[in-house]
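Inspection log for the structure reproduced underneath, given as structure tokens.
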Amino acid sequence: MLKIQLKSNPSKGHWLVGEQLTIGTHSDNDLRLQGPGIAAFHLEIAIQGERLTLSMPGGSCQVNGRPGREGQALNPGDLLRLGQSELELIDPKQITARSPHTRPRSVQGWWLTVDHPEGQPRRFELDTAVVLGRAADCDISLPYGMLSRRHASLRPVAEGIELQDLASSNGTFINNQRIDEALLKAGDTFCAAGLRFTINAPHTTINQTILRPALTDDAIAAATRCDKRAARDEPNIQVSIDVAQSPAEAHPANTGRWGWSIAVLVAGIVAAAGWWLLRTG
């Protein structure tokens with residue numbers, strides 16, 4: 001999908017969708033420009049897929065520094081000059097491919113959910129650029145009267161989903177603010193015609209269970225050998241903890257020896273006393 005934008009302000013642009021694009025100072029134009037030398041309905045660009053044809057009903061323009069011609073074919077990279085304004089035709093896919101700072105990243109797997117209080121949420125894939133609107137030929141066709149025939153476009157890029165309002169009558173809103181263009185991340189929402197749209201990411205790992213392969217018998221045996229070797233090599237360190245004990249508890253062996261000594265002494269005294277009584281009797 002091609003795009004036309006102000007060279008000095010790329011945020012002001014328009015996706016080339018539908019049958020034609022009009023440019024001029026009047027508010028009914030798809031792309032409205034103000035400035036000296038720009039007529040109310042200055043240019044028209046007929047759109048047939050990616051084939052673009054120039055028409056100049058209200059004034060002249062330059063194409064790549066040369067006077068434009070009625071019916072001239074336009075291509076990505078062409079520069080159109082109207083008065084003091086310069087418009088460039090771009091193919092975002094080519095820009096992404098040429099950029100040395102763009103990291104390769106899959107943009108497949110994004111999807112859009114649509115919530116409505118009177119119906120079940122609906123899901124639409126966003127693997128490629130799509131147009132949202134009430135027209136039957138839109139990629140995402142929703143028959144709601146407040147939606148414009150071609151209301152907005154969504155395009156997956158490396159950083160997220162690029163949302164572009166296609167000069168809709170009732171607007172596209174993020175956080176209650178009407179927007180022309182925005183870059184959306186996973187979980188972001190926008191509203192149009194009373195509908196709430198949510199962007200969903202292709203790879204969300206926060207709720208995914210990580211599965212690890214089962215250990216084999218060889219792996220278990222190797223781990224066991226490693227544990228045994230570590231235990232053998234580890235120094236034997238004993239820690240002594242002092243706890244208050246009674247003398248008997250602290251030296252049970254000594255208590256046993258003293259008991260036997262006392263018993264022998266008593267027995268000796270009794271034997272001596274018996275011998276003395278026999279002699280005197």
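Labeling convention for the structure tokens: chains A, B, ... as they appear, residues from 1 per chain, ligands from 1 in order of appearance.
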
Tell me which protein, DNA and RNA residues are within 10 Å of Asn29 in chain A, counting only C-alpha atoms, leaving out same-chain ones fewer than 6 positions away, and put them as a ChimeraX atom specification. /A:21-23,40-44,167

Filtering to all heavy atoms, could you give me those residues as a PDB file, in the first residue's frame?
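Below is the file again.pdb, written as the result:
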```
ATOM      1  N   LEU A  21      -7.749  10.076  -4.848  1.00  0.00           N
ATOM      2  CA  LEU A  21      -7.363  10.952  -3.745  1.00  0.00           C
ATOM      3  C   LEU A  21      -7.393  12.381  -4.265  1.00  0.00           C
ATOM      4  O   LEU A  21      -6.833  12.671  -5.322  1.00  0.00           O
ATOM      5  CB  LEU A  21      -5.955  10.601  -3.253  1.00  0.00           C
ATOM      6  CG  LEU A  21      -5.391  11.514  -2.167  1.00  0.00           C
ATOM      7  CD1 LEU A  21      -5.945  11.122  -0.809  1.00  0.00           C
ATOM      8  CD2 LEU A  21      -3.868  11.456  -2.135  1.00  0.00           C
ATOM      9  N   THR A  22      -8.043  13.277  -3.525  1.00  0.00           N
ATOM     10  CA  THR A  22      -8.107  14.682  -3.929  1.00  0.00           C
ATOM     11  C   THR A  22      -7.263  15.521  -2.986  1.00  0.00           C
ATOM     12  O   THR A  22      -7.183  15.247  -1.782  1.00  0.00           O
ATOM     13  CB  THR A  22      -9.556  15.190  -3.932  1.00  0.00           C
ATOM     14  OG1 THR A  22     -10.107  15.073  -2.604  1.00  0.00           O
ATOM     15  CG2 THR A  22     -10.407  14.392  -4.893  1.00  0.00           C
ATOM     16  N   ILE A  23      -6.635  16.567  -3.535  1.00  0.00           N
ATOM     17  CA  ILE A  23      -5.735  17.432  -2.774  1.00  0.00           C
ATOM     18  C   ILE A  23      -6.098  18.881  -3.084  1.00  0.00           C
ATOM     19  O   ILE A  23      -6.282  19.262  -4.254  1.00  0.00           O
ATOM     20  CB  ILE A  23      -4.265  17.172  -3.154  1.00  0.00           C
ATOM     21  CG1 ILE A  23      -3.905  15.689  -2.950  1.00  0.00           C
ATOM     22  CG2 ILE A  23      -3.335  18.064  -2.337  1.00  0.00           C
ATOM     23  CD1 ILE A  23      -2.538  15.323  -3.476  1.00  0.00           C
ATOM     24  N   ALA A  40      -8.664  25.320  -4.523  1.00  0.00           N
ATOM     25  CA  ALA A  40      -9.609  24.605  -3.657  1.00  0.00           C
ATOM     26  C   ALA A  40      -9.591  23.107  -3.951  1.00  0.00           C
ATOM     27  O   ALA A  40      -9.547  22.275  -3.037  1.00  0.00           O
ATOM     28  CB  ALA A  40     -11.013  25.183  -3.834  1.00  0.00           C
ATOM     29  N   PHE A  41      -9.621  22.712  -5.199  1.00  0.00           N
ATOM     30  CA  PHE A  41      -9.497  21.310  -5.609  1.00  0.00           C
ATOM     31  C   PHE A  41      -8.392  21.268  -6.656  1.00  0.00           C
ATOM     32  O   PHE A  41      -8.646  21.372  -7.859  1.00  0.00           O
ATOM     33  CB  PHE A  41     -10.830  20.797  -6.169  1.00  0.00           C
ATOM     34  CG  PHE A  41     -11.933  20.754  -5.144  1.00  0.00           C
ATOM     35  CD1 PHE A  41     -12.805  21.826  -5.008  1.00  0.00           C
ATOM     36  CD2 PHE A  41     -12.074  19.662  -4.320  1.00  0.00           C
ATOM     37  CE1 PHE A  41     -13.824  21.797  -4.059  1.00  0.00           C
ATOM     38  CE2 PHE A  41     -13.088  19.622  -3.370  1.00  0.00           C
ATOM     39  CZ  PHE A  41     -13.954  20.697  -3.227  1.00  0.00           C
ATOM     40  N   HIS A  42      -7.173  21.134  -6.174  1.00  0.00           N
ATOM     41  CA  HIS A  42      -6.003  21.343  -7.018  1.00  0.00           C
ATOM     42  C   HIS A  42      -5.644  20.097  -7.834  1.00  0.00           C
ATOM     43  O   HIS A  42      -5.479  20.179  -9.050  1.00  0.00           O
ATOM     44  CB  HIS A  42      -4.812  21.768  -6.150  1.00  0.00           C
ATOM     45  CG  HIS A  42      -3.726  22.427  -6.914  1.00  0.00           C
ATOM     46  ND1 HIS A  42      -3.484  23.779  -6.853  1.00  0.00           N
ATOM     47  CD2 HIS A  42      -2.795  21.931  -7.777  1.00  0.00           C
ATOM     48  CE1 HIS A  42      -2.465  24.083  -7.633  1.00  0.00           C
ATOM     49  NE2 HIS A  42      -2.024  22.964  -8.203  1.00  0.00           N
ATOM     50  N   LEU A  43      -5.497  18.960  -7.149  1.00  0.00           N
ATOM     51  CA  LEU A  43      -5.051  17.730  -7.827  1.00  0.00           C
ATOM     52  C   LEU A  43      -5.989  16.587  -7.514  1.00  0.00           C
ATOM     53  O   LEU A  43      -6.651  16.549  -6.473  1.00  0.00           O
ATOM     54  CB  LEU A  43      -3.638  17.336  -7.371  1.00  0.00           C
ATOM     55  CG  LEU A  43      -2.454  18.228  -7.703  1.00  0.00           C
ATOM     56  CD1 LEU A  43      -1.179  17.566  -7.196  1.00  0.00           C
ATOM     57  CD2 LEU A  43      -2.363  18.486  -9.192  1.00  0.00           C
ATOM     58  N   GLU A  44      -5.973  15.618  -8.415  1.00  0.00           N
ATOM     59  CA  GLU A  44      -6.610  14.321  -8.185  1.00  0.00           C
ATOM     60  C   GLU A  44      -5.629  13.225  -8.594  1.00  0.00           C
ATOM     61  O   GLU A  44      -4.923  13.364  -9.600  1.00  0.00           O
ATOM     62  CB  GLU A  44      -7.904  14.175  -8.996  1.00  0.00           C
ATOM     63  CG  GLU A  44      -9.030  15.086  -8.555  1.00  0.00           C
ATOM     64  CD  GLU A  44     -10.290  14.889  -9.385  1.00  0.00           C
ATOM     65  OE1 GLU A  44     -10.244  14.023 -10.306  1.00  0.00           O
ATOM     66  OE2 GLU A  44     -11.280  15.577  -9.139  1.00  0.00           O
ATOM     67  N   ALA A 167      -9.396  10.153   6.827  1.00  0.00           N
ATOM     68  CA  ALA A 167     -10.268  11.327   6.731  1.00  0.00           C
ATOM     69  C   ALA A 167     -11.725  10.949   6.988  1.00  0.00           C
ATOM     70  O   ALA A 167     -12.641  11.385   6.281  1.00  0.00           O
ATOM     71  CB  ALA A 167     -10.113  12.011   5.378  1.00  0.00           C
TER      72      ALA A 167
END
```

Need to verify the contact set: Lys7 in chain A, 7 Å, only C-alpha atoms, exclusion of same-chain residues closer than 4 positions in sequence. Can you return it as a list in words? Glu86, Leu87 and Glu88 of chain A

Using DSSP on the backbone coordinates, identify the residues of range 30-206 of chain A assigned to helix (DSSP H, G or I); present them as an NGL selection string. :A and (92-98)

Could you list, as a list in words, every residue within 12 Å of Leu80 in chain A, counting only C-alpha atoms and ignoring same-chain residues fewer than 6 positions away? Ile4, Gln5, Leu6, Lys7, Ile23, Leu43, Ile45, Leu54, Met56, Ser60, Cys61, Gln62, Val63, Asn64, Gly65, Arg66, Pro67, Gly68, Arg69, Gln72, Leu74, Glu86, Leu87, Glu88, Leu89 and Ile90 of chain A

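When only C-alpha atoms are used to measure the gap to Asp188 in chain A, the shortest distance among A:Ser153, A:Ser148, A:Ser168, A:Thr113 belongs to A:Thr113.
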
Can you pull out every residue within 10 Å of Leu163 in chain A, counting only C-alpha atoms, but drop anything in the same chain fewer than 5 positions away, and send it as number ranges by chain? A: 129-131, 152-156, 172, 179-184, 190

Could you write those residues out with C-alpha atoms, as a JSON list (two decimals), in the first residue's frame?
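As written to disk, result_16.json reads:
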```
[["chain", "number", "residue", "atom", "x", "y", "z"],
["A", 129, "ALA", "CA", -2.17, -3.89, 5.61],
["A", 130, "VAL", "CA", -5.95, -3.72, 5.86],
["A", 131, "VAL", "CA", -8.66, -1.09, 5.44],
["A", 152, "ALA", "CA", -9.09, 3.73, 8.82],
["A", 153, "SER", "CA", -6.18, 1.56, 7.78],
["A", 154, "LEU", "CA", -3.96, -0.70, 9.88],
["A", 155, "ARG", "CA", -0.56, -1.94, 8.81],
["A", 156, "PRO", "CA", 1.85, -4.22, 10.71],
["A", 172, "THR", "CA", -10.75, 7.67, 15.19],
["A", 179, "ILE", "CA", -5.98, 11.16, 15.95],
["A", 180, "ASP", "CA", -4.80, 11.12, 12.35],
["A", 181, "GLU", "CA", -2.05, 8.56, 12.76],
["A", 182, "ALA", "CA", -0.59, 6.50, 15.59],
["A", 183, "LEU", "CA", 1.72, 3.57, 16.28],
["A", 184, "LEU", "CA", 0.00, 0.97, 18.43],
["A", 190, "PHE", "CA", -8.73, 2.73, 19.80]]
```

Within range 17-195 of chain A, find each residue whose DSSP state, derived from the backbone, is strand (DSSP E or B), and express the selection as a ChimeraX atom specification. /A:20-24,31-32,43-48,51-55,62-63,66-67,73-74,79-82,85-90,111-116,119-125,130-133,140-141,152-157,160-165,172-174,177-179,181-184,189-192,195

For the atom pair CA of Thr189 in chain A and CA of His14 in chain A, what is the interatomic distance in Å to one decimal place? 21.4 Å

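Atom pair CA of Gln34 in chain A / CA of Gln164 in chain A has a distance of 21.0 Å (rounded to one decimal).
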
Contacts of range 192-200 of chain A at 7 Å or less, counting only C-alpha atoms, minus same-chain residues fewer than 2 places along, as a list in words? Trp110, Trp111, Leu112, Thr113, Val114, Asp115, His116, Met146, Leu147, Asn170, Gly171, Thr172, Phe173, Lys185, Ala186, Gly187, Asp188, Thr189, Phe190 and Pro202 of chain A

How about saving the chosen residues, C-alpha atoms kept, as an mmCIF file, in the first residue's frame?
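Okay, this is what ended up in result-v5.cif:
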```
data_model
loop_
_atom_site.group_PDB
_atom_site.id
_atom_site.type_symbol
_atom_site.label_atom_id
_atom_site.label_comp_id
_atom_site.auth_asym_id
_atom_site.auth_seq_id
_atom_site.Cartn_x
_atom_site.Cartn_y
_atom_site.Cartn_z
ATOM 1 C CA TRP A 110 -0.981 -9.688 14.909
ATOM 2 C CA TRP A 111 -4.743 -9.569 15.195
ATOM 3 C CA LEU A 112 -7.502 -7.109 15.985
ATOM 4 C CA THR A 113 -10.466 -7.745 18.270
ATOM 5 C CA VAL A 114 -13.647 -5.702 18.047
ATOM 6 C CA ASP A 115 -15.865 -5.370 21.120
ATOM 7 C CA HIS A 116 -19.472 -4.233 20.913
ATOM 8 C CA MET A 146 -21.249 5.819 12.012
ATOM 9 C CA LEU A 147 -18.270 4.196 10.284
ATOM 10 C CA ASN A 170 -16.685 10.718 12.806
ATOM 11 C CA GLY A 171 -13.011 10.211 13.514
ATOM 12 C CA THR A 172 -10.748 7.673 15.189
ATOM 13 C CA PHE A 173 -9.940 8.115 18.877
ATOM 14 C CA LYS A 185 1.549 -1.697 20.634
ATOM 15 C CA ALA A 186 0.134 -4.932 22.001
ATOM 16 C CA GLY A 187 -2.810 -4.225 24.289
ATOM 17 C CA ASP A 188 -3.450 -0.710 22.924
ATOM 18 C CA THR A 189 -7.022 0.219 22.062
ATOM 19 C CA PHE A 190 -8.734 2.730 19.804
ATOM 20 C CA PRO A 202 1.800 -12.270 17.843
#
```

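The spacing separating CA of Asp139 in chain A from CA of Asp28 in chain A amounts to 24.4 Å.
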
My list of candidates is A:Leu2, A:Ala73, A:Ile262, A:Leu82. Which is closest to Gly35 in chain A when distances are computed with only C-alpha atoms? A:Leu82

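Near Ile47 in chain A, within 7 Å and counting only C-alpha atoms, sit Gly18, Glu19, Gln20, Ile45, Gly49, Glu50, Arg51, Leu52 and Thr53 of chain A, not including residues fewer than 2 positions from it in the same chain.
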